[in-house]
Amino acid sequence: MALAAPTRDLPVDLYIGGVEHAIMHLLYARFVAKFLEREVGVQGMEKGEPFVKLLAQGMVRGKTYRDPNTGRYLRPAELTDANEPKIAATGELPAVSWEKMSKSKYNGVDPETVVRDHGSDATRLFVMYKAAPADELLWDDGAIVGMERWIERVWNLAVGVGRSDESSSKATSFDGDQELESALHLCIDQVTEALSKTHALHVAIASLIKLTRAIEAHPSRSHISRTATVTLVKMLAPFAPCVSQEIWERIGTGGPLFEERWPEADGTVLSRGKVVCAIMVNGKTRGTMTVPLAALADVELLETLARKSDAGKRWLVDQKTGKAIPASRVLIGKAAKKGKGRVVSFVVK
């Protein structure tokens, strides 16, 4: 038996599957891999484990209606108003819950209809942004509109900066260029980490939305505005490939967007203007962390950075299970001295 090929290709970097995969296919795959490692001699897998990391996807749940008296699942045609549904036959309010999509529960969604109404890019963005990959996703058609609006905002930014050969000679400098440049490289760093390490796609999209706001608040004639917009489109491409390519044809250099190099964060820019923030847990200072100046305006980012710091790993992680300790409240306050960072205070049980 030739062992070179499996030895070269194993272990697999990432296994993605839902709950069903975790108890069926994943179990079988691990069993076969351990057999091959122990009995046949296939190498390259530590302790016979074929996968380095498991990402168990959360379930997509749909809004489900039942008859409160019989428990029978109700078809959409049996309900009156979509906003405040009532049972057409009795006028009663149905029992509402979020359950796994199923034909028998009449809570499924037709993908062709959704894509026709909202577009494939907006639909894809909604699915990735609505919840973390490992969390449950509660389907809501109405929320897709938010992604459509964001795509339109990015489009308008692209129209504002124009093509590279049209705008390069007109670009100039403005107050706030340095802040936008810091926000840009912070976004590059966050999106790159989300795609390559944490697989937190919702975090990546949130970072892109924040960069969009930062660009909108800056004059479009600024050189850094154009650079930030072009980079935004590049980073948007994996999530919304169709509209990204169309925008690229208006602002790019003429070649296909997917042949462009992925942007890299400049460590010099990220380190410029860094400030020290204190980390408090239940009223006691447990440590400090150094963050970019641009991060001070982002509460969620400050919390994430605090949890990743040395103090956060010690005081905000259960040392027995290795799981993050949930906080009932996270408060961001200003430091005693003006312009000297923030105080990130966690209230935990």
# chains A, B, ... in the order shown; residues from 1 in each chain; ligands from 1
call {"tool": "select_by_dssp", "arguments": {"residues": "region 1-125 of chain A", "states": "helix (DSSP H, G or I)", "output": "PyMOL selection string"}}
result
chain A and resi 4-9+19-23+25-40+46-48+76-78+103-105+111-118+120-125
call {"tool": "residues_around", "arguments": {"residues": "Asn107 (chain A)", "least_positions_apart": "6", "cutoff": "7 Å", "atoms": "only C-alpha atoms", "output": "PyMOL selection string"}}
result
chain A and resi 62-64+101
call {"tool": "closest_residue", "arguments": {"among": "A:Leu316, A:Gly176, A:Glu46, A:His118", "to": "Asn282 (chain A)", "atoms": "only C-alpha atoms"}}
result
A:Leu316
call {"tool": "closest_residue", "arguments": {"among": "A:Gly108, A:Gly322, A:Pro256, A:Gly287", "to": "Pro241 (chain A)", "atoms": "only C-alpha atoms"}}
result
A:Pro256
call {"tool": "residues_around", "arguments": {"residues": "region 8-11 of chain A", "least_positions_apart": "4", "cutoff": "7 Å", "atoms": "only C-alpha atoms", "output": "PyMOL selection string"}}
result
chain A and resi 4+44-45+50-52
call {"tool": "write_last_selection", "arguments": {"atoms": "all heavy atoms", "output": "PDB file, in the first residue's frame"}}
result
ATOM      1  N   ALA A   4       2.635   7.356   0.759  1.00  0.00           N
ATOM      2  CA  ALA A   4       3.183   8.699   0.554  1.00  0.00           C
ATOM      3  C   ALA A   4       2.088   9.751   0.461  1.00  0.00           C
ATOM      4  O   ALA A   4       2.165  10.803   1.073  1.00  0.00           O
ATOM      5  CB  ALA A   4       4.041   8.717  -0.702  1.00  0.00           C
ATOM      6  N   GLY A  44       1.937  11.005   9.921  1.00  0.00           N
ATOM      7  CA  GLY A  44       1.568  12.408   9.727  1.00  0.00           C
ATOM      8  C   GLY A  44       0.407  12.868  10.578  1.00  0.00           C
ATOM      9  O   GLY A  44       0.015  14.033  10.519  1.00  0.00           O
ATOM     10  N   MET A  45      -0.176  11.967  11.387  1.00  0.00           N
ATOM     11  CA  MET A  45      -1.309  12.338  12.238  1.00  0.00           C
ATOM     12  C   MET A  45      -0.927  12.109  13.693  1.00  0.00           C
ATOM     13  O   MET A  45      -0.590  10.985  14.079  1.00  0.00           O
ATOM     14  CB  MET A  45      -2.547  11.504  11.887  1.00  0.00           C
ATOM     15  CG  MET A  45      -3.042  11.663  10.479  1.00  0.00           C
ATOM     16  SD  MET A  45      -4.488  10.612  10.132  1.00  0.00           S
ATOM     17  CE  MET A  45      -3.722   8.980  10.130  1.00  0.00           C
ATOM     18  N   PRO A  50      -7.083  12.795  12.370  1.00  0.00           N
ATOM     19  CA  PRO A  50      -6.967  13.274  10.991  1.00  0.00           C
ATOM     20  C   PRO A  50      -7.246  14.755  10.809  1.00  0.00           C
ATOM     21  O   PRO A  50      -7.007  15.305   9.739  1.00  0.00           O
ATOM     22  CB  PRO A  50      -8.011  12.440  10.250  1.00  0.00           C
ATOM     23  CG  PRO A  50      -9.072  12.183  11.285  1.00  0.00           C
ATOM     24  CD  PRO A  50      -8.336  12.049  12.594  1.00  0.00           C
ATOM     25  N   PHE A  51      -7.782  15.423  11.841  1.00  0.00           N
ATOM     26  CA  PHE A  51      -8.171  16.829  11.709  1.00  0.00           C
ATOM     27  C   PHE A  51      -7.513  17.666  12.802  1.00  0.00           C
ATOM     28  O   PHE A  51      -7.503  17.282  13.976  1.00  0.00           O
ATOM     29  CB  PHE A  51      -9.695  16.987  11.789  1.00  0.00           C
ATOM     30  CG  PHE A  51     -10.440  16.036  10.885  1.00  0.00           C
ATOM     31  CD1 PHE A  51     -11.233  15.025  11.412  1.00  0.00           C
ATOM     32  CD2 PHE A  51     -10.334  16.148   9.509  1.00  0.00           C
ATOM     33  CE1 PHE A  51     -11.919  14.142  10.591  1.00  0.00           C
ATOM     34  CE2 PHE A  51     -11.005  15.269   8.671  1.00  0.00           C
ATOM     35  CZ  PHE A  51     -11.792  14.258   9.211  1.00  0.00           C
ATOM     36  N   VAL A  52      -6.977  18.816  12.403  1.00  0.00           N
ATOM     37  CA  VAL A  52      -6.327  19.703  13.368  1.00  0.00           C
ATOM     38  C   VAL A  52      -7.352  20.471  14.184  1.00  0.00           C
ATOM     39  O   VAL A  52      -7.232  20.620  15.396  1.00  0.00           O
ATOM     40  CB  VAL A  52      -5.388  20.700  12.640  1.00  0.00           C
ATOM     41  CG1 VAL A  52      -4.798  21.706  13.626  1.00  0.00           C
ATOM     42  CG2 VAL A  52      -4.275  19.950  11.922  1.00  0.00           C
TER      43      VAL A  52
END
call {"tool": "atom_distance", "arguments": {"atom1": "CA of Glu264 (chain A)", "atom2": "CA of Ala294 (chain A)"}}
result
17.3 Å
call {"tool": "select_by_dssp", "arguments": {"residues": "region 52-209 of chain A", "states": "strand (DSSP E or B)", "output": "list of chain:residue names"}}
result
A:Val52, A:Lys53, A:Leu54, A:Leu55, A:Ala56, A:Val60, A:Arg61, A:Gly62, A:Lys63, A:Thr64, A:Tyr65, A:Arg66, A:Tyr73, A:Leu79, A:Ile87, A:Ala95, A:Val96, A:Ser97, A:Trp98, A:Glu99, A:Lys100, A:Leu137, A:Leu138, A:Thr172
call {"tool": "residues_around", "arguments": {"residues": "Ala183 (chain A)", "least_positions_apart": "5", "cutoff": "8 Å", "atoms": "only C-alpha atoms", "output": "number ranges by chain"}}
result
A: 211, 214, 294-295
call {"tool": "write_last_selection", "arguments": {"atoms": "N, CA, C and O atoms", "output": "compact mmCIF listing (two decimals), in the first residue's frame"}}
result
# COMPACT_ATOMS: atom_id res chain seq x y z
N LEU A 211 -15.15 50.12 9.03
CA LEU A 211 -14.25 50.84 8.12
C LEU A 211 -15.07 51.68 7.14
O LEU A 211 -14.67 52.80 6.80
N ALA A 214 -15.94 54.85 8.78
CA ALA A 214 -14.78 55.73 8.90
C ALA A 214 -14.47 56.43 7.58
O ALA A 214 -14.13 57.62 7.55
N ALA A 294 -7.06 53.90 17.26
CA ALA A 294 -8.33 53.74 16.56
C ALA A 294 -9.27 52.79 17.28
O ALA A 294 -10.49 52.82 17.08
N ALA A 295 -8.74 51.93 18.15
CA ALA A 295 -9.58 50.95 18.84
C ALA A 295 -10.40 51.57 19.96
O ALA A 295 -11.37 50.97 20.42
